[in-house]
>>> print(open('start31.cif').read())   # mmCIF, C-alpha atoms
data_coords
loop_
_atom_site.group_PDB
_atom_site.id
_atom_site.type_symbol
_atom_site.label_atom_id
_atom_site.label_comp_id
_atom_site.auth_asym_id
_atom_site.auth_seq_id
_atom_site.Cartn_x
_atom_site.Cartn_y
_atom_site.Cartn_z
ATOM 1 C CA MET A 396 27.630 -3.272 -4.091
ATOM 2 C CA SER A 397 24.123 -2.389 -2.968
ATOM 3 C CA ILE A 398 20.481 -3.351 -3.354
ATOM 4 C CA VAL A 399 18.108 -0.386 -3.657
ATOM 5 C CA THR A 400 14.409 -1.260 -3.617
ATOM 6 C CA PHE A 401 11.650 1.065 -4.844
ATOM 7 C CA TRP A 402 8.520 0.483 -2.736
ATOM 8 C CA SER A 403 4.950 1.795 -2.594
ATOM 9 C CA ASP A 404 1.958 0.583 -0.621
ATOM 10 C CA GLY A 405 0.014 -0.231 -3.792
ATOM 11 C CA LYS A 406 -3.057 1.771 -2.818
ATOM 12 C CA GLU A 407 -2.657 4.202 -5.726
ATOM 13 C CA GLN A 408 -0.631 4.776 -8.876
ATOM 14 C CA THR A 409 2.565 6.531 -7.789
ATOM 15 C CA GLY A 410 4.611 6.290 -10.989
ATOM 16 C CA LYS A 411 7.095 4.017 -9.195
ATOM 17 C CA THR A 412 8.137 2.038 -12.256
ATOM 18 C CA ALA A 413 8.664 5.155 -14.373
ATOM 19 C CA SER A 414 10.779 6.686 -11.612
ATOM 20 C CA ILE A 415 13.052 3.684 -11.154
ATOM 21 C CA VAL A 416 13.502 3.566 -14.937
ATOM 22 C CA ALA A 417 14.486 7.254 -14.934
ATOM 23 C CA VAL A 418 16.976 6.792 -12.080
ATOM 24 C CA ALA A 419 18.525 3.667 -13.615
ATOM 25 C CA THR A 420 18.886 5.234 -17.057
ATOM 26 C CA TYR A 421 20.397 8.454 -15.732
ATOM 27 C CA MET A 422 22.739 6.486 -13.460
ATOM 28 C CA ALA A 423 23.963 4.375 -16.374
ATOM 29 C CA ILE A 424 24.673 7.438 -18.512
ATOM 30 C CA GLN A 425 26.300 9.640 -15.871
ATOM 31 C CA HIS A 426 28.212 7.082 -13.766
ATOM 32 C CA ASN A 427 30.442 4.145 -14.511
ATOM 33 C CA TYR A 428 28.320 1.722 -12.477
ATOM 34 C CA LYS A 429 27.284 -1.739 -13.602
ATOM 35 C CA VAL A 430 23.542 -1.565 -12.887
ATOM 36 C CA LEU A 431 20.910 -4.295 -12.867
ATOM 37 C CA LEU A 432 17.298 -3.132 -13.001
ATOM 38 C CA VAL A 433 14.930 -5.838 -11.719
ATOM 39 C CA SER A 434 11.192 -6.074 -12.266
ATOM 40 C CA THR A 435 9.275 -8.325 -9.843
ATOM 41 C CA SER A 436 6.013 -7.821 -11.734
ATOM 42 C CA PHE A 437 3.458 -10.370 -12.881
ATOM 43 C CA ASN A 438 2.061 -9.937 -16.408
ATOM 44 C CA ASP A 439 3.059 -6.273 -16.500
ATOM 45 C CA LYS A 440 5.415 -4.983 -19.196
ATOM 46 C CA THR A 441 5.461 -1.347 -18.078
ATOM 47 C CA MET A 442 9.207 -1.396 -17.429
ATOM 48 C CA GLU A 443 10.046 -3.378 -20.530
ATOM 49 C CA ASN A 444 8.005 -1.044 -22.730
ATOM 50 C CA CYS A 445 10.129 1.917 -21.604
ATOM 51 C CA PHE A 446 13.096 0.404 -23.442
ATOM 52 C CA TRP A 447 11.840 -1.932 -26.178
ATOM 53 C CA LYS A 448 8.864 -2.141 -28.471
ATOM 54 C CA GLU A 449 7.021 -5.418 -28.164
ATOM 55 C CA LYS A 450 7.735 -7.648 -31.142
ATOM 56 C CA LYS A 451 5.131 -9.945 -32.563
ATOM 57 C CA GLN A 452 6.185 -13.546 -32.103
ATOM 58 C CA LYS A 453 6.904 -15.317 -35.349
ATOM 59 C CA THR A 454 4.713 -18.269 -36.179
ATOM 60 C CA ASN A 455 6.140 -21.441 -37.673
ATOM 61 C CA PHE A 456 3.484 -23.361 -39.608
ATOM 62 C CA GLY A 457 4.061 -27.096 -39.760
ATOM 63 C CA LEU A 458 2.190 -30.353 -40.218
ATOM 64 C CA PHE A 459 0.570 -30.021 -36.813
ATOM 65 C CA GLY A 460 -0.371 -26.345 -37.008
ATOM 66 C CA PRO A 461 1.358 -23.165 -35.768
ATOM 67 C CA ASN A 462 4.300 -23.446 -33.392
ATOM 68 C CA THR A 463 4.825 -20.280 -31.322
ATOM 69 C CA ASN A 464 7.210 -21.738 -28.749
ATOM 70 C CA ILE A 465 10.402 -20.892 -30.651
ATOM 71 C CA ALA A 466 11.796 -17.923 -28.732
ATOM 72 C CA MET A 467 14.000 -18.196 -25.683
ATOM 73 C CA ALA A 468 12.304 -16.620 -22.680
ATOM 74 C CA ASN A 469 13.962 -13.733 -20.883
ATOM 75 C CA GLY A 470 13.943 -12.551 -17.279
ATOM 76 C CA MET A 471 12.568 -14.632 -14.436
ATOM 77 C CA GLU A 472 10.683 -16.808 -16.904
ATOM 78 C CA GLY A 473 13.976 -17.849 -18.455
ATOM 79 C CA LEU A 474 15.562 -18.419 -15.060
ATOM 80 C CA SER A 475 12.763 -20.669 -13.798
ATOM 81 C CA LYS A 476 14.449 -23.973 -14.683
ATOM 82 C CA ILE A 477 17.754 -22.879 -13.135
ATOM 83 C CA ILE A 478 15.916 -21.748 -10.011
ATOM 84 C CA LYS A 479 14.398 -25.213 -9.632
ATOM 85 C CA SER A 480 17.815 -26.852 -9.908
ATOM 86 C CA ASN A 481 19.201 -24.518 -7.209
ATOM 87 C CA LYS A 482 22.213 -23.667 -9.367
ATOM 88 C CA ILE A 483 21.853 -19.909 -9.762
ATOM 89 C CA ALA A 484 25.121 -18.064 -10.423
ATOM 90 C CA PRO A 485 25.839 -14.478 -11.540
ATOM 91 C CA GLU A 486 26.551 -15.594 -15.106
ATOM 92 C CA ASN A 487 23.150 -17.315 -15.214
ATOM 93 C CA ILE A 488 21.433 -14.056 -14.327
ATOM 94 C CA THR A 489 23.244 -11.922 -16.886
ATOM 95 C CA ASN A 490 22.497 -14.525 -19.569
ATOM 96 C CA TYR A 491 18.795 -13.795 -19.139
ATOM 97 C CA THR A 492 18.908 -10.008 -18.905
ATOM 98 C CA LYS A 493 18.223 -7.515 -21.662
ATOM 99 C CA ILE A 494 20.923 -4.922 -22.348
ATOM 100 C CA VAL A 495 20.067 -1.219 -22.474
ATOM 101 C CA PHE A 496 23.622 0.143 -22.352
ATOM 102 C CA LYS A 497 26.488 -2.316 -22.725
ATOM 103 C CA ASP A 498 28.482 -2.755 -19.489
ATOM 104 C CA THR A 499 26.331 -0.253 -17.552
ATOM 105 C CA LEU A 500 22.617 -1.128 -17.613
ATOM 106 C CA GLU A 501 20.830 -4.460 -17.886
ATOM 107 C CA VAL A 502 17.196 -5.326 -17.164
ATOM 108 C CA LEU A 503 15.851 -8.521 -15.604
ATOM 109 C CA THR A 504 12.256 -8.447 -16.798
ATOM 110 C CA GLY A 505 9.279 -9.671 -14.791
ATOM 111 C CA TYR A 506 7.335 -12.880 -15.274
ATOM 112 C CA THR A 507 4.564 -13.160 -17.851
ATOM 113 C CA GLY A 508 2.585 -16.344 -17.793
ATOM 114 C CA ASP A 509 0.638 -18.543 -15.435
ATOM 115 C CA LYS A 510 -0.192 -17.202 -11.941
ATOM 116 C CA VAL A 511 0.506 -20.543 -10.290
ATOM 117 C CA LYS A 512 3.988 -20.627 -11.801
ATOM 118 C CA TYR A 513 4.602 -16.996 -10.771
ATOM 119 C CA ASP A 514 3.710 -17.907 -7.178
ATOM 120 C CA GLU A 515 6.427 -20.550 -7.371
ATOM 121 C CA ILE A 516 9.039 -18.417 -9.128
ATOM 122 C CA LYS A 517 8.626 -15.354 -6.899
ATOM 123 C CA LEU A 518 10.016 -17.330 -3.944
ATOM 124 C CA ALA A 519 13.425 -17.228 -5.642
ATOM 125 C CA TYR A 520 13.668 -13.438 -5.946
ATOM 126 C CA PRO A 521 15.615 -12.967 -2.668
ATOM 127 C CA SER A 522 18.209 -15.552 -3.781
ATOM 128 C CA VAL A 523 18.478 -14.009 -7.246
ATOM 129 C CA LEU A 524 18.974 -10.526 -5.779
ATOM 130 C CA ASN A 525 21.556 -11.751 -3.292
ATOM 131 C CA ILE A 526 23.645 -13.396 -6.017
ATOM 132 C CA ALA A 527 23.185 -10.467 -8.424
ATOM 133 C CA ASN A 528 24.482 -8.153 -5.702
ATOM 134 C CA ARG A 529 27.852 -9.923 -5.924
ATOM 135 C CA TYR A 530 28.130 -9.217 -9.642
ATOM 136 C CA TYR A 531 26.596 -5.767 -10.180
ATOM 137 C CA ASP A 532 27.566 -2.489 -8.500
ATOM 138 C CA ILE A 533 23.934 -1.548 -7.860
ATOM 139 C CA VAL A 534 20.798 -3.685 -8.089
ATOM 140 C CA LEU A 535 17.645 -1.573 -8.438
ATOM 141 C CA VAL A 536 14.456 -3.473 -7.576
ATOM 142 C CA ASP A 537 10.953 -2.438 -8.637
ATOM 143 C CA LEU A 538 8.966 -4.192 -5.895
ATOM 144 C CA ASP A 539 5.541 -5.277 -7.124
ATOM 145 C CA ASN A 540 2.640 -5.726 -4.709
ATOM 146 C CA ASN A 541 1.676 -8.986 -6.406
ATOM 147 C CA ILE A 542 4.758 -10.596 -4.912
ATOM 148 C CA GLY A 543 3.088 -10.956 -1.508
ATOM 149 C CA ALA A 544 3.863 -9.615 1.954
ATOM 150 C CA ASN A 545 6.329 -12.302 3.042
ATOM 151 C CA ILE A 546 8.600 -12.065 0.005
ATOM 152 C CA ALA A 547 8.248 -8.283 -0.083
ATOM 153 C CA ASN A 548 9.364 -7.983 3.545
ATOM 154 C CA GLU A 549 12.292 -10.330 2.901
ATOM 155 C CA ILE A 550 13.441 -8.153 -0.018
ATOM 156 C CA LEU A 551 12.971 -4.955 2.010
ATOM 157 C CA ASP A 552 14.995 -6.407 4.894
ATOM 158 C CA MET A 553 17.910 -7.412 2.655
ATOM 159 C CA SER A 554 17.934 -4.063 0.823
ATOM 160 C CA ASN A 555 20.606 -1.502 1.668
ATOM 161 C CA LEU A 556 18.171 1.324 0.943
ATOM 162 C CA VAL A 557 14.405 1.514 0.432
ATOM 163 C CA VAL A 558 13.077 4.305 -1.786
ATOM 164 C CA VAL A 559 9.517 5.042 -0.646
ATOM 165 C CA ASN A 560 7.392 6.223 -3.577
ATOM 166 C CA LEU A 561 4.608 8.653 -2.694
ATOM 167 C CA THR A 562 2.336 11.228 -4.282
ATOM 168 C CA GLN A 563 1.653 14.764 -3.065
ATOM 169 C CA ARG A 564 -1.809 13.758 -1.863
ATOM 170 C CA LEU A 565 -2.278 14.226 1.887
ATOM 171 C CA SER A 566 -3.958 10.806 2.154
ATOM 172 C CA SER A 567 -0.866 9.181 0.629
ATOM 173 C CA ILE A 568 1.419 10.945 3.107
ATOM 174 C CA ASP A 569 -0.727 10.119 6.156
ATOM 175 C CA ARG A 570 -1.074 6.487 5.097
ATOM 176 C CA PHE A 571 2.689 6.107 4.843
ATOM 177 C CA LEU A 572 3.260 7.690 8.257
ATOM 178 C CA SER A 573 1.035 5.041 9.836
ATOM 179 C CA ILE A 574 2.604 2.176 7.866
ATOM 180 C CA ARG A 575 6.161 3.262 8.691
ATOM 181 C CA GLU A 576 5.553 2.666 12.388
ATOM 182 C CA GLU A 577 4.757 -0.983 11.648
ATOM 183 C CA VAL A 578 7.483 -1.886 9.102
ATOM 184 C CA GLN A 579 11.063 -1.795 10.359
ATOM 185 C CA ALA A 580 12.561 -1.567 6.838
ATOM 186 C CA LEU A 581 10.707 1.715 6.245
ATOM 187 C CA LYS A 582 12.267 3.479 9.225
ATOM 188 C CA ALA A 583 13.987 6.774 8.446
ATOM 189 C CA LYS A 584 17.616 5.533 8.578
ATOM 190 C CA LYS A 585 17.099 3.014 5.799
ATOM 191 C CA SER A 586 14.490 4.820 3.710
ATOM 192 C CA LEU A 587 14.499 7.721 1.274
ATOM 193 C CA LEU A 588 11.266 9.523 0.403
ATOM 194 C CA LEU A 589 10.549 10.098 -3.288
ATOM 195 C CA PHE A 590 7.550 12.069 -4.539
ATOM 196 C CA ASN A 591 6.672 11.165 -8.118
ATOM 197 C CA LYS A 592 4.908 13.235 -10.777
ATOM 198 C CA TYR A 593 5.874 16.157 -8.573
ATOM 199 C CA ASP A 594 4.268 19.567 -9.114
ATOM 200 C CA LYS A 595 6.424 22.336 -7.642
ATOM 201 C CA TYR A 596 3.447 24.711 -7.643
ATOM 202 C CA SER A 597 1.367 22.474 -5.383
ATOM 203 C CA LYS A 598 0.513 23.493 -1.825
ATOM 204 C CA TYR A 599 2.284 20.300 -0.801
ATOM 205 C CA SER A 600 5.762 21.410 -1.800
ATOM 206 C CA ILE A 601 8.857 19.567 -0.583
ATOM 207 C CA LYS A 602 9.420 22.221 2.059
ATOM 208 C CA ASN A 603 5.869 21.912 3.414
ATOM 209 C CA ILE A 604 5.853 18.119 3.166
ATOM 210 C CA SER A 605 9.151 17.840 5.054
ATOM 211 C CA ARG A 606 7.803 20.096 7.789
ATOM 212 C CA TYR A 607 4.517 18.178 8.015
ATOM 213 C CA MET A 608 6.253 14.783 8.195
ATOM 214 C CA GLY A 609 8.998 15.950 10.527
ATOM 215 C CA GLU A 610 11.447 14.613 7.973
ATOM 216 C CA ARG A 611 15.040 15.701 8.576
ATOM 217 C CA ASN A 612 16.564 13.727 5.719
ATOM 218 C CA LYS A 613 16.502 15.123 2.196
ATOM 219 C CA VAL A 614 13.283 14.425 0.317
ATOM 220 C CA SER A 615 13.587 13.664 -3.411
ATOM 221 C CA THR A 616 11.241 14.248 -6.335
ATOM 222 C CA ILE A 617 10.697 13.154 -9.912
ATOM 223 C CA PRO A 618 8.655 15.953 -11.521
ATOM 224 C CA TYR A 619 5.982 15.240 -14.093
ATOM 225 C CA ASN A 620 7.498 15.680 -17.545
ATOM 226 C CA THR A 621 5.548 15.285 -20.770
ATOM 227 C CA LEU A 622 8.514 14.174 -22.884
ATOM 228 C CA PHE A 623 9.490 11.521 -20.352
ATOM 229 C CA PHE A 624 6.051 9.974 -19.981
ATOM 230 C CA GLU A 625 5.659 9.920 -23.757
ATOM 231 C CA ALA A 626 9.061 8.236 -24.037
ATOM 232 C CA CYS A 627 7.916 5.582 -21.528
ATOM 233 C CA GLU A 628 5.033 4.737 -23.866
ATOM 234 C CA GLU A 629 7.173 4.752 -27.014
ATOM 235 C CA ALA A 630 10.201 2.718 -25.800
ATOM 236 C CA LYS A 631 12.408 5.806 -26.165
ATOM 237 C CA VAL A 632 13.613 6.477 -22.613
ATOM 238 C CA PRO A 633 17.336 5.886 -23.410
ATOM 239 C CA ASP A 634 17.114 8.168 -26.455
ATOM 240 C CA LEU A 635 15.440 10.906 -24.420
ATOM 241 C CA PHE A 636 18.086 10.923 -21.685
ATOM 242 C CA LEU A 637 20.896 10.994 -24.225
ATOM 243 C CA LYS A 638 19.265 14.051 -25.829
ATOM 244 C CA LEU A 639 18.697 15.765 -22.471
ATOM 245 C CA ARG A 640 22.451 15.755 -21.803
ATOM 246 C CA LYS A 641 22.749 18.598 -24.317
ATOM 247 C CA ILE A 642 20.009 20.915 -23.022
ATOM 248 C CA GLU A 643 20.758 24.414 -21.745
ATOM 249 C CA GLU A 644 20.103 25.512 -18.156
ATOM 250 C CA ASN A 645 16.991 27.513 -19.031
ATOM 251 C CA ASP A 646 15.426 24.669 -21.018
ATOM 252 C CA ARG A 647 11.870 23.769 -19.935
ATOM 253 C CA ASN A 648 13.074 20.232 -19.151
ATOM 254 C CA GLY A 649 15.901 21.490 -16.948
ATOM 255 C CA PHE A 650 13.995 21.132 -13.658
ATOM 256 C CA PHE A 651 13.041 17.533 -14.473
ATOM 257 C CA LEU A 652 16.651 16.578 -15.186
ATOM 258 C CA ALA A 653 17.986 18.487 -12.167
ATOM 259 C CA GLU A 654 15.622 16.659 -9.800
ATOM 260 C CA ILE A 655 16.575 13.256 -11.197
ATOM 261 C CA ARG A 656 20.206 14.224 -10.658
ATOM 262 C CA ARG A 657 19.415 15.281 -7.091
ATOM 263 C CA THR A 658 17.495 12.052 -6.462
ATOM 264 C CA LEU A 659 20.444 9.986 -7.645
ATOM 265 C CA GLU A 660 22.855 12.043 -5.524
ATOM 266 C CA ASN A 661 20.632 11.467 -2.482
ATOM 267 C CA ILE A 662 20.591 7.718 -3.120
ATOM 268 C CA ILE A 663 24.375 7.509 -3.467
ATOM 269 C CA TYR A 664 24.931 9.723 -0.414
ATOM 270 C CA ARG A 665 22.559 7.665 1.738
ATOM 271 C CA LEU A 666 24.209 4.410 0.652
ATOM 272 C CA GLN A 667 27.638 5.756 1.522
ATOM 273 C CA ASP A 668 26.395 7.125 4.850
ATOM 274 C CA LEU A 669 24.755 3.829 5.825
ATOM 275 C CA GLN A 670 27.888 1.872 4.881
ATOM 276 C CA MET A 671 30.020 4.114 7.093
ATOM 277 C CA ARG A 672 27.723 3.428 10.059
ATOM 278 C CA MET A 673 28.023 -0.348 9.699
#
>>> encode(input="start31.cif", output="structure tokens")
Amino acid sequence: MSIVTFWSDGKEQTGKTASIVAVATYMAIQHNYKVLLVSTSFNDKTMENCFWKEKKQKTNFGLFGPNTNIAMANGMEGLSKIIKSNKIAPENITNYTKIVFKDTLEVLTGYTGDKVKYDEIKLAYPSVLNIANRYYDIVLVDLDNNIGANIANEILDMSNLVVVNLTQRLSSIDRFLSIREEVQALKAKKSLLLFNKYDKYSKYSIKNISRYMGERNKVSTIPYNTLFFEACEEAKVPDLFLKLRKIEENDRNGFFLAEIRRTLENIIYRLQDLQMRM
């Protein structure tokens, strides 16, 4: 049982959420793992929109006007009362997740609501992740920068592996190299580099990047793929990955799928390697 956290420094759009969605979906389809995908976001439904179309809330008209508070909240919003009572258990968490694939992939959505309440709720994320780690085989965490440095560092420290999300821009690479020297959780042994929206024809190829960074560990990529990014906007990511299982080797989407497979293999290998060293 492992916690894998996807991190970026928040200075630019890296496609982190799309990448963790791709990895989680592919993992659920190809492996018999019980996976929990966790969003730590505030008022951001990027992850949720990859799987479900937003439904308009029904309005109940009564004597005192419309009543919109009739739906049970999901995710961290739904867990807020249990968090306050300090009685969080694995079954409480799974009661507030959304199911993508039964028995293999569930999503704990982020908080949408008042900022003051989010600042209170976010303090419970480490406890929620720790308990979830006892129930799920792999907990994948999309770490949002709104969560704050203290909570972010606590989550990074408790994670078994940190997936560092970068772009092929030289400024992004240099910025990470300077940050890594200051944050213990981002050191090479515990981190895996992932370049998102990857362009294999760029000057900054994986081979050149690895040489420039002096990186001996395998570097992973999630290539830019038109079908995937459209699916993220249309709540069709599960459908897309089920269709991609049937593509031929020379299909134009083959490289995209192969790199996701390689990324997942790198994650599993690094987890196993780190566990053997403990």
>>> residues_around(input="start31.cif", residues="stretch 475-487 of chain A", least_positions_apart="2", cutoff="8 Å", atoms="only C-alpha atoms", output="PyMOL selection string")
chain A and resi 471-473+489-491+516+519+523+526-527+529-530
>>> resolve_selection(input="start31.cif", expression="the PyMOL selection byres ((chain A and resi 598-614) around 7)", output="compact mmCIF listing (two decimals) with C-alpha atoms, keeping the file's coordinate frame")
# COMPACT_ATOMS: atom_id res chain seq x y z
CA GLN A 563 1.65 14.76 -3.06
CA LEU A 587 14.50 7.72 1.27
CA LEU A 588 11.27 9.52 0.40
CA LEU A 589 10.55 10.10 -3.29
CA LYS A 595 6.42 22.34 -7.64
CA TYR A 596 3.45 24.71 -7.64
CA SER A 597 1.37 22.47 -5.38
CA SER A 615 13.59 13.66 -3.41
CA THR A 616 11.24 14.25 -6.34
>>> atom_distance(input="start31.cif", atom1="atom CA of A:Ser567", atom2="atom CA of A:Ser403")
9.9 Å
>>> closest_residue(input="start31.cif", among="A:Asn541, A:Glu644, A:Phe590, A:Thr492", to="A:Thr658", atoms="all atoms listed in the file")
A:Phe590
>>> residues_around(input="start31.cif", residues="A:Val399", least_positions_apart="5", cutoff="9 Å", atoms="all atoms listed in the file", output="list of chain:residue names")
A:Ile533, A:Val534, A:Leu535, A:Val536, A:Asp537, A:Leu551, A:Ser554, A:Asn555, A:Leu556, A:Val557, A:Val558, A:Ile662, A:Leu666
>>> closest_residue(input="start31.cif", among="A:Leu432, A:Met442, A:Ile398, A:Met422", to="A:Ile655", atoms="only C-alpha atoms")
A:Met422
>>> closest_residue(input="start31.cif", among="A:Val511, A:Leu503, A:Ala653, A:Ile574", to="A:Ile617", atoms="all atoms listed in the file")
A:Ala653
>>> closest_residue(input="start31.cif", among="A:Leu561, A:Leu474, A:Ile546, A:Leu518", to="A:Tyr593", atoms="all atoms listed in the file")
A:Leu561
>>> closest_residue(input="start31.cif", among="A:Gly543, A:Pro521, A:Gly649, A:Pro618", to="A:Thr400", atoms="all atoms listed in the file")
A:Pro521
>>> resolve_selection(input="start31.cif", expression="the PyMOL selection byres ((chain A and resi 495) around 12)", output="count of residues only")
31
>>> atom_distance(input="start31.cif", atom1="atom CA of A:Leu622", atom2="atom CA of A:Leu538")
25.0 Å
>>> residues_around(input="start31.cif", residues="A:Asn648", least_positions_apart="4", cutoff="12 Å", atoms="all atoms listed in the file", output="ChimeraX atom specification")
/A:617-623,635-636,638-644,652-655
>>> atom_distance(input="start31.cif", atom1="atom CA of A:Val559", atom2="atom CA of A:Ser436")
17.3 Å
